[in-house]
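Pasted below: my_file-v4.cif, mmCIF, C-alpha atoms.
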data_structure
#
loop_
_atom_site.group_PDB
_atom_site.id
_atom_site.type_symbol
_atom_site.label_atom_id
_atom_site.label_comp_id
_atom_site.auth_asym_id
_atom_site.auth_seq_id
_atom_site.Cartn_x
_atom_site.Cartn_y
_atom_site.Cartn_z
ATOM 1 C CA MET A 6 54.882 -26.523 -39.325
ATOM 2 C CA ILE A 7 54.497 -29.436 -36.959
ATOM 3 C CA VAL A 8 57.347 -31.229 -38.720
ATOM 4 C CA ALA A 9 59.627 -28.215 -38.240
ATOM 5 C CA GLY A 10 58.631 -28.018 -34.584
ATOM 6 C CA VAL A 11 59.342 -31.716 -34.061
ATOM 7 C CA ALA A 12 62.761 -31.339 -35.692
ATOM 8 C CA VAL A 13 63.795 -28.358 -33.575
ATOM 9 C CA ALA A 14 62.404 -29.879 -30.377
ATOM 10 C CA GLY A 15 64.175 -33.169 -31.150
ATOM 11 C CA GLY A 16 67.514 -31.410 -31.504
ATOM 12 C CA LEU A 17 66.950 -29.598 -28.215
ATOM 13 C CA GLY A 18 65.912 -32.792 -26.457
ATOM 14 C CA ALA A 19 69.048 -34.626 -27.591
ATOM 15 C CA VAL A 20 71.311 -31.804 -26.391
ATOM 16 C CA LEU A 21 69.437 -31.614 -23.083
ATOM 17 C CA ARG A 22 69.939 -35.368 -22.622
ATOM 18 C CA TYR A 23 73.639 -35.025 -23.277
ATOM 19 C CA LEU A 24 73.993 -32.186 -20.761
ATOM 20 C CA VAL A 25 71.970 -33.864 -17.985
ATOM 21 C CA ASP A 26 73.733 -37.210 -18.527
ATOM 22 C CA HIS A 27 77.098 -35.492 -18.482
ATOM 23 C CA LEU A 28 76.324 -33.567 -15.300
ATOM 24 C CA VAL A 29 74.971 -36.576 -13.388
ATOM 25 C CA GLN A 30 77.664 -38.970 -14.578
ATOM 26 C CA ARG A 31 80.410 -36.547 -13.619
ATOM 27 C CA HIS A 32 79.079 -36.227 -10.097
ATOM 28 C CA VAL A 33 78.498 -39.894 -9.384
ATOM 29 C CA GLY A 34 81.745 -41.102 -10.933
ATOM 30 C CA SER A 35 80.370 -44.619 -11.269
ATOM 31 C CA ASP A 36 80.257 -47.132 -14.096
ATOM 32 C CA ALA A 37 76.523 -47.552 -13.572
ATOM 33 C CA PRO A 38 74.648 -45.536 -16.217
ATOM 34 C CA LEU A 39 72.922 -43.279 -13.692
ATOM 35 C CA GLY A 40 72.894 -40.270 -16.005
ATOM 36 C CA ILE A 41 70.666 -42.024 -18.536
ATOM 37 C CA LEU A 42 68.544 -43.400 -15.681
ATOM 38 C CA VAL A 43 67.904 -39.855 -14.429
ATOM 39 C CA VAL A 44 67.143 -38.696 -17.973
ATOM 40 C CA ASN A 45 64.729 -41.542 -18.684
ATOM 41 C CA LEU A 46 62.870 -41.310 -15.375
ATOM 42 C CA SER A 47 62.521 -37.519 -15.450
ATOM 43 C CA GLY A 48 61.398 -37.686 -19.089
ATOM 44 C CA SER A 49 58.805 -40.374 -18.313
ATOM 45 C CA LEU A 50 57.407 -38.212 -15.521
ATOM 46 C CA VAL A 51 57.208 -35.118 -17.727
ATOM 47 C CA LEU A 52 55.654 -37.000 -20.656
ATOM 48 C CA GLY A 53 53.069 -38.421 -18.236
ATOM 49 C CA VAL A 54 52.213 -34.900 -17.083
ATOM 50 C CA LEU A 55 51.923 -33.714 -20.713
ATOM 51 C CA VAL A 56 49.676 -36.576 -21.778
ATOM 52 C CA GLY A 57 47.591 -36.327 -18.604
ATOM 53 C CA SER A 58 47.009 -32.603 -18.920
ATOM 54 C CA ALA A 59 46.364 -32.894 -22.669
ATOM 55 C CA ALA A 60 43.554 -35.367 -22.018
ATOM 56 C CA HIS A 61 41.960 -33.173 -19.398
ATOM 57 C CA GLN A 62 42.447 -29.656 -20.646
ATOM 58 C CA GLY A 63 42.290 -29.897 -24.396
ATOM 59 C CA VAL A 64 45.927 -29.094 -25.101
ATOM 60 C CA SER A 65 46.272 -28.924 -28.876
ATOM 61 C CA PRO A 66 47.501 -32.116 -30.539
ATOM 62 C CA ALA A 67 50.148 -30.094 -32.388
ATOM 63 C CA TRP A 68 51.645 -28.862 -29.133
ATOM 64 C CA LEU A 69 51.545 -32.351 -27.649
ATOM 65 C CA THR A 70 53.351 -33.724 -30.713
ATOM 66 C CA VAL A 71 56.100 -31.094 -30.591
ATOM 67 C CA ALA A 72 56.639 -31.281 -26.815
ATOM 68 C CA GLY A 73 55.917 -34.984 -26.315
ATOM 69 C CA THR A 74 57.117 -36.726 -29.481
ATOM 70 C CA GLY A 75 59.747 -34.096 -30.251
ATOM 71 C CA LEU A 76 61.310 -32.768 -27.072
ATOM 72 C CA ILE A 77 60.701 -35.496 -24.486
ATOM 73 C CA GLY A 78 60.821 -38.343 -27.020
ATOM 74 C CA ALA A 79 64.319 -37.256 -28.031
ATOM 75 C CA TYR A 80 65.383 -36.374 -24.488
ATOM 76 C CA THR A 81 64.784 -39.933 -23.320
ATOM 77 C CA THR A 82 66.470 -42.816 -25.079
ATOM 78 C CA PHE A 83 66.177 -46.557 -25.340
ATOM 79 C CA SER A 84 69.217 -47.413 -27.450
ATOM 80 C CA THR A 85 71.770 -46.136 -24.927
ATOM 81 C CA PHE A 86 69.914 -48.094 -22.258
ATOM 82 C CA THR A 87 70.155 -51.388 -24.183
ATOM 83 C CA PHE A 88 73.735 -50.682 -25.251
ATOM 84 C CA ASP A 89 74.763 -50.008 -21.643
ATOM 85 C CA THR A 90 73.123 -53.258 -20.561
ATOM 86 C CA VAL A 91 75.178 -55.268 -23.068
ATOM 87 C CA ARG A 92 78.348 -53.284 -22.274
ATOM 88 C CA LEU A 93 78.015 -53.960 -18.543
ATOM 89 C CA ALA A 94 77.301 -57.651 -19.158
ATOM 90 C CA GLU A 95 80.382 -57.921 -21.403
ATOM 91 C CA ASP A 96 82.421 -56.422 -18.589
ATOM 92 C CA GLY A 97 81.048 -59.029 -16.209
ATOM 93 C CA GLN A 98 79.029 -56.469 -14.262
ATOM 94 C CA TRP A 99 75.866 -58.523 -14.361
ATOM 95 C CA LYS A 100 74.476 -57.165 -11.119
ATOM 96 C CA VAL A 101 74.804 -53.558 -12.230
ATOM 97 C CA ALA A 102 73.218 -54.441 -15.582
ATOM 98 C CA ALA A 103 70.294 -56.257 -13.973
ATOM 99 C CA ALA A 104 69.773 -53.548 -11.357
ATOM 100 C CA THR A 105 69.735 -50.856 -14.045
ATOM 101 C CA VAL A 106 67.199 -52.755 -16.141
ATOM 102 C CA VAL A 107 64.840 -53.476 -13.252
ATOM 103 C CA THR A 108 65.114 -49.955 -11.820
ATOM 104 C CA SER A 109 64.586 -48.310 -15.211
ATOM 105 C CA LEU A 110 61.491 -50.290 -16.119
ATOM 106 C CA ALA A 111 59.830 -50.363 -12.690
ATOM 107 C CA LEU A 112 60.486 -46.734 -11.792
ATOM 108 C CA GLY A 113 59.864 -45.664 -15.400
ATOM 109 C CA VAL A 114 56.314 -47.002 -15.406
ATOM 110 C CA GLY A 115 55.857 -45.525 -11.922
ATOM 111 C CA ALA A 116 57.125 -42.122 -13.077
ATOM 112 C CA ALA A 117 54.798 -42.135 -16.106
ATOM 113 C CA ALA A 118 51.839 -43.116 -13.915
ATOM 114 C CA ALA A 119 52.674 -40.404 -11.368
ATOM 115 C CA GLY A 120 52.999 -37.872 -14.194
ATOM 116 C CA LEU A 121 49.653 -38.860 -15.693
ATOM 117 C CA ALA A 122 47.987 -38.520 -12.293
ATOM 118 C CA LEU A 123 49.634 -35.129 -11.732
ATOM 119 C CA GLY A 124 48.680 -33.907 -15.194
ATOM 120 C CA SER A 125 45.071 -34.992 -14.696
ATOM 121 C CA LEU A 126 44.799 -33.059 -11.431
ATOM 122 C CA THR A 127 45.334 -29.569 -12.759
ATOM 123 C CA MET B 21 97.583 -26.912 -48.740
ATOM 124 C CA ALA B 22 94.978 -24.292 -49.267
ATOM 125 C CA GLY B 23 91.609 -24.889 -47.765
ATOM 126 C CA ASP B 24 92.309 -26.864 -44.659
ATOM 127 C CA ARG B 25 91.142 -24.181 -42.365
ATOM 128 C CA SER B 26 87.976 -26.108 -41.684
ATOM 129 C CA ALA B 27 89.762 -29.087 -40.183
ATOM 130 C CA ASP B 28 91.091 -27.337 -37.138
ATOM 131 C CA SER B 29 89.437 -23.992 -37.151
ATOM 132 C CA PRO B 30 90.325 -22.250 -33.899
ATOM 133 C CA SER B 31 87.308 -19.954 -34.180
ATOM 134 C CA ILE B 32 84.689 -22.580 -33.229
ATOM 135 C CA PRO B 33 85.512 -24.436 -29.986
ATOM 136 C CA GLU B 34 85.160 -28.199 -30.175
ATOM 137 C CA PRO B 35 82.417 -28.468 -27.505
ATOM 138 C CA VAL B 36 80.253 -26.138 -29.583
ATOM 139 C CA VAL B 37 80.721 -28.218 -32.718
ATOM 140 C CA ARG B 38 80.024 -31.345 -30.687
ATOM 141 C CA VAL B 39 76.771 -29.952 -29.317
ATOM 142 C CA ALA B 40 75.795 -28.819 -32.816
ATOM 143 C CA ALA B 41 76.432 -32.358 -34.094
ATOM 144 C CA ILE B 42 74.222 -33.772 -31.322
ATOM 145 C CA ALA B 43 71.458 -31.297 -32.157
ATOM 146 C CA ALA B 44 71.613 -32.063 -35.896
ATOM 147 C CA GLY B 45 71.602 -35.833 -35.323
ATOM 148 C CA GLY B 46 68.859 -35.492 -32.718
ATOM 149 C CA SER B 47 66.650 -33.540 -35.132
ATOM 150 C CA LEU B 48 67.051 -36.129 -37.867
ATOM 151 C CA GLY B 49 66.519 -39.071 -35.522
ATOM 152 C CA THR B 50 63.399 -37.497 -34.049
ATOM 153 C CA LEU B 51 62.004 -36.793 -37.515
ATOM 154 C CA ALA B 52 62.659 -40.398 -38.501
ATOM 155 C CA ARG B 53 60.805 -41.638 -35.402
ATOM 156 C CA TYR B 54 57.937 -39.259 -36.113
ATOM 157 C CA GLY B 55 57.804 -40.636 -39.651
ATOM 158 C CA VAL B 56 57.663 -44.237 -38.442
ATOM 159 C CA GLU B 57 54.939 -43.335 -35.927
ATOM 160 C CA ARG B 58 52.857 -41.822 -38.696
ATOM 161 C CA ALA B 59 53.521 -44.656 -41.128
ATOM 162 C CA ILE B 60 52.566 -47.418 -38.693
ATOM 163 C CA ALA B 61 49.018 -46.453 -37.865
ATOM 164 C CA PRO B 62 48.569 -46.617 -34.097
ATOM 165 C CA SER B 63 46.002 -49.174 -33.033
ATOM 166 C CA GLU B 64 44.096 -48.009 -30.001
ATOM 167 C CA LEU B 65 45.218 -50.112 -27.035
ATOM 168 C CA GLY B 66 46.930 -52.634 -29.264
ATOM 169 C CA PHE B 67 50.596 -53.559 -29.188
ATOM 170 C CA PRO B 68 52.616 -50.327 -29.740
ATOM 171 C CA TRP B 69 54.459 -51.552 -32.833
ATOM 172 C CA SER B 70 55.888 -48.208 -33.923
ATOM 173 C CA THR B 71 57.750 -47.521 -30.660
ATOM 174 C CA PHE B 72 58.813 -51.151 -30.443
ATOM 175 C CA THR B 73 60.215 -50.985 -33.980
ATOM 176 C CA VAL B 74 62.180 -47.750 -33.573
ATOM 177 C CA ASN B 75 63.613 -48.904 -30.259
ATOM 178 C CA VAL B 76 64.816 -52.262 -31.583
ATOM 179 C CA VAL B 77 66.178 -50.849 -34.858
ATOM 180 C CA GLY B 78 67.838 -47.949 -33.017
ATOM 181 C CA SER B 79 69.478 -50.323 -30.536
ATOM 182 C CA PHE B 80 70.988 -52.325 -33.410
ATOM 183 C CA VAL B 81 72.302 -49.220 -35.160
ATOM 184 C CA LEU B 82 73.759 -47.743 -31.954
ATOM 185 C CA GLY B 83 75.498 -51.013 -31.094
ATOM 186 C CA MET B 84 77.021 -51.141 -34.551
ATOM 187 C CA VAL B 85 78.023 -47.471 -34.795
ATOM 188 C CA VAL B 86 79.659 -47.193 -31.377
ATOM 189 C CA THR B 87 81.557 -50.463 -31.852
ATOM 190 C CA LEU B 88 82.753 -49.366 -35.307
ATOM 191 C CA VAL B 89 83.888 -46.000 -33.966
ATOM 192 C CA VAL B 90 85.673 -47.454 -30.946
ATOM 193 C CA GLU B 91 87.096 -50.699 -32.290
ATOM 194 C CA ARG B 92 87.232 -50.477 -36.067
ATOM 195 C CA TRP B 93 87.478 -47.001 -37.474
ATOM 196 C CA PRO B 94 90.350 -44.566 -37.112
ATOM 197 C CA PRO B 95 89.633 -41.973 -34.406
ATOM 198 C CA THR B 96 86.811 -39.650 -35.357
ATOM 199 C CA ARG B 97 85.453 -36.773 -33.361
ATOM 200 C CA PHE B 98 81.963 -36.166 -34.576
ATOM 201 C CA VAL B 99 80.536 -39.525 -35.603
ATOM 202 C CA ARG B 100 79.559 -40.420 -32.064
ATOM 203 C CA PRO B 101 77.936 -37.078 -31.195
ATOM 204 C CA PHE B 102 76.044 -37.021 -34.494
ATOM 205 C CA ALA B 103 75.119 -40.645 -35.169
ATOM 206 C CA ALA B 104 75.115 -42.218 -31.701
ATOM 207 C CA ILE B 105 74.077 -39.571 -29.172
ATOM 208 C CA GLY B 106 72.135 -37.461 -31.653
ATOM 209 C CA PHE B 107 70.497 -39.727 -34.202
ATOM 210 C CA CYS B 108 70.084 -43.028 -32.339
ATOM 211 C CA GLY B 109 69.342 -41.246 -29.056
ATOM 212 C CA GLY B 110 66.675 -39.115 -30.703
ATOM 213 C CA PHE B 111 65.296 -41.947 -32.825
ATOM 214 C CA THR B 112 64.688 -44.252 -29.871
ATOM 215 C CA THR B 113 62.579 -43.243 -26.901
ATOM 216 C CA PHE B 114 62.036 -44.457 -23.381
ATOM 217 C CA SER B 115 59.357 -42.062 -22.120
ATOM 218 C CA THR B 116 56.859 -42.948 -24.861
ATOM 219 C CA MET B 117 57.286 -46.621 -24.045
ATOM 220 C CA MET B 118 56.608 -45.986 -20.344
ATOM 221 C CA VAL B 119 53.498 -43.896 -20.992
ATOM 222 C CA GLU B 120 52.197 -46.456 -23.499
ATOM 223 C CA ALA B 121 52.711 -49.277 -20.992
ATOM 224 C CA ASP B 122 50.949 -47.286 -18.285
ATOM 225 C CA GLN B 123 48.025 -46.457 -20.588
ATOM 226 C CA LEU B 124 47.643 -50.107 -21.569
ATOM 227 C CA GLY B 125 47.630 -51.134 -17.907
ATOM 228 C CA ARG B 126 45.067 -48.474 -17.062
ATOM 229 C CA HIS B 127 42.675 -49.775 -19.687
ATOM 230 C CA GLY B 128 42.665 -53.370 -18.561
ATOM 231 C CA ARG B 129 45.495 -54.469 -20.829
ATOM 232 C CA ALA B 130 48.080 -55.220 -18.161
ATOM 233 C CA GLY B 131 49.071 -58.385 -19.998
ATOM 234 C CA THR B 132 49.804 -56.520 -23.226
ATOM 235 C CA ALA B 133 51.732 -53.910 -21.224
ATOM 236 C CA ALA B 134 53.907 -56.571 -19.584
ATOM 237 C CA VAL B 135 54.544 -58.338 -22.901
ATOM 238 C CA TYR B 136 55.396 -54.983 -24.481
ATOM 239 C CA LEU B 137 57.981 -54.101 -21.806
ATOM 240 C CA VAL B 138 59.617 -57.525 -21.687
ATOM 241 C CA ALA B 139 59.630 -57.947 -25.475
ATOM 242 C CA SER B 140 61.131 -54.476 -25.962
ATOM 243 C CA LEU B 141 63.832 -55.218 -23.415
ATOM 244 C CA ILE B 142 64.774 -58.627 -24.818
ATOM 245 C CA ALA B 143 64.604 -57.592 -28.472
ATOM 246 C CA GLY B 144 66.414 -54.300 -27.763
ATOM 247 C CA VAL B 145 69.275 -55.899 -25.847
ATOM 248 C CA ALA B 146 69.588 -58.648 -28.470
ATOM 249 C CA ALA B 147 69.588 -56.026 -31.245
ATOM 250 C CA ALA B 148 72.322 -53.988 -29.524
ATOM 251 C CA ALA B 149 74.428 -57.145 -29.082
ATOM 252 C CA LEU B 150 73.852 -58.111 -32.728
ATOM 253 C CA GLY B 151 74.857 -54.623 -33.865
ATOM 254 C CA MET B 152 78.104 -54.937 -31.920
ATOM 255 C CA ALA B 153 78.687 -58.421 -33.350
ATOM 256 C CA ALA B 154 78.029 -57.168 -36.880
ATOM 257 C CA ALA B 155 80.604 -54.407 -36.402
ATOM 258 C CA ARG B 156 83.167 -56.845 -35.014
ATOM 259 C CA GLY B 157 82.435 -59.662 -37.420
ATOM 260 C CA ARG B 158 82.172 -61.895 -34.368
ATOM 261 C CA LEU B 159 79.888 -62.402 -31.423
ATOM 262 C CA LEU B 160 82.324 -61.693 -28.619
ATOM 263 C CA PRO B 161 84.971 -59.025 -28.175
ATOM 264 C CA ARG B 162 88.522 -60.012 -29.055
ATOM 265 C CA PRO B 163 90.316 -61.145 -25.892
ATOM 266 C CA GLY B 164 92.203 -58.219 -24.420
ATOM 267 C CA ALA B 165 90.310 -55.667 -26.459
ATOM 268 C CA PRO B 166 89.418 -52.504 -24.549
ATOM 269 C CA SER B 167 85.950 -52.457 -23.021
ATOM 270 C CA LEU B 168 83.367 -50.477 -24.901
ATOM 271 C CA PRO B 169 82.791 -47.067 -23.327
ATOM 272 C CA ASP B 170 79.554 -45.486 -22.245
ATOM 273 C CA PRO B 171 78.126 -44.503 -25.646
ATOM 274 C CA ASP B 172 77.221 -41.038 -24.436
ATOM 275 C CA ASP B 173 80.531 -40.314 -22.776
ATOM 276 C CA ILE B 174 82.613 -38.467 -25.318
ATOM 277 C CA GLY B 175 84.853 -36.724 -22.859
ATOM 278 C CA PRO B 176 84.653 -33.510 -20.895
ATOM 279 C CA LEU B 177 82.387 -30.842 -22.256
ATOM 280 C CA ALA B 178 84.822 -28.064 -21.598
ATOM 281 C CA GLY B 179 88.577 -28.118 -21.917
ATOM 282 C CA ALA B 180 90.775 -30.661 -23.598
ATOM 283 C CA SER B 181 89.015 -33.502 -25.338
ATOM 284 C CA GLY B 182 89.681 -37.065 -24.401
ATOM 285 C CA ARG B 183 87.937 -40.310 -23.678
ATOM 286 C CA ARG B 184 87.736 -40.791 -19.989
ATOM 287 C CA ARG B 185 86.917 -44.399 -19.433
ATOM 288 C CA HIS B 186 88.922 -45.679 -22.284
ATOM 289 C CA PRO B 187 92.433 -46.270 -21.104
ATOM 290 C CA GLY B 188 93.162 -48.870 -23.797
ATOM 291 C CA ARG B 189 93.536 -46.301 -26.518
ATOM 292 C CA ALA B 190 96.818 -44.620 -27.047
ATOM 293 C CA ARG B 191 95.939 -41.438 -28.895
#
Please lay out the structure from this file as structure tokens.
Amino acid sequence: MIVAGVAVAGGLGAVLRYLVDHLVQRHVGSDAPLGILVVNLSGSLVLGVLVGSAAHQGVSPAWLTVAGTGLIGAYTTFSTFTFDTVRLAEDGQWKVAAATVVTSLALGVGAAAAGLALGSLT
Amino acid sequence: MAGDRSADSPSIPEPVVRVAAIAAGGSLGTLARYGVERAIAPSELGFPWSTFTVNVVGSFVLGMVVTLVVERWPPTRFVRPFAAIGFCGGFTTFSTMMVEADQLGRHGRAGTAAVYLVASLIAGVAAAALGMAAARGRLLPRPGAPSLPDPDDIGPLAGASGRRRHPGRAR
């Protein structure tokens, strides 16, 4: 059952990522991968909340696996992030590449920490 | 010939098929990641090897697939939604890495957390570059070759299909 839940949630997460990325990227009209940045930061925040509330309120491990590993794990992505970094560097856009990397990692850890704190509150 | 209805069936709009391809690839990629996580037993507050492994392997595969699709293979419509956005996107994960790093830091393992983040970044970027090089058979793009596009940008969701930031390709 858990495996089926992870599969369905993973499919949903991937589609959600595509839609959010598409929406953001269309509105900013920039070469900087802001869509994936928004996806990864929002996903880190939500996963933090899930893990934080699971630790404090006894959320079932099955639910955490489906929502955390399945939905949010698939919603966020690392491969597009590394690909974009190489792509920007190949195009000579070193500053954009470096800024994306630093912003993603620094704000990503911050978002996860904020989510964990939020999840632990309730 | 009989039986080529499926190729250009007007009954299912392309964006729907594209989203279905992303969902199918995403399901498979997520299951594969779940399998790796279960196979590599998590060590409490140790180096998160399972996430590190999927992220580096996924970066290599994405680099190779997108480069093959853009620079090597004849135009295809559903390889990128299925294999790149769906499978590789679902296989790799950013949020898990962030939460793991935060948890390590919280439990007095800030050093491990920093090593984890930097190692993932360096190995992931190197893997993506190697995947591209493997697809090209060379380390650098051919001079004058079109730039690689955003891997997740496969054109507008509604309306006519097309690759926006890819002016180098004549249909």
Which value, in Å to one decimal, gives the distance between CA of Gly144 (chain B) and CA of Ser79 (chain B)?
5.7 Å
Any chance you could resolve the PyMOL selection byres ((chain A and resi 29-44) around 8) against this file and give the residues as an MDAnalysis selection string?
(chainID A and resid 22 25:28 45:48 80:82 85:86 89 101:102 105 109) or (chainID B and resid 170)
Which polymer residues have any atom within 12 Å of an atom of Ala155 (chain B), counting only C-alpha atoms, with same-chain residues fewer than 5 positions away left out, as a ChimeraX atom specification?
/B:80-93,148-150,160-161
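If you look at CA of Val76 (chain B) and CA of Tyr54 (chain B), they are 15.4 Å away from each other.
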Within 7 Å of chain B, which residues belong to chain A? Use all atoms listed in the file and report them as number ranges by chain.
A: 11-13, 15-17, 19-20, 45, 48-49, 52-53, 75, 78-85, 87-89, 91-92, 96, 113-114, 117-118
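For the pair CA of Ile7 (chain A) and CA of Gly73 (chain A), the interatomic distance is 12.1 Å.
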Just so the selection is clear, what residues does the PyMOL selection byres ((chain A and resi 54) around 9) cover here, as a ChimeraX atom specification?
/A:49-53,55-59,117-125
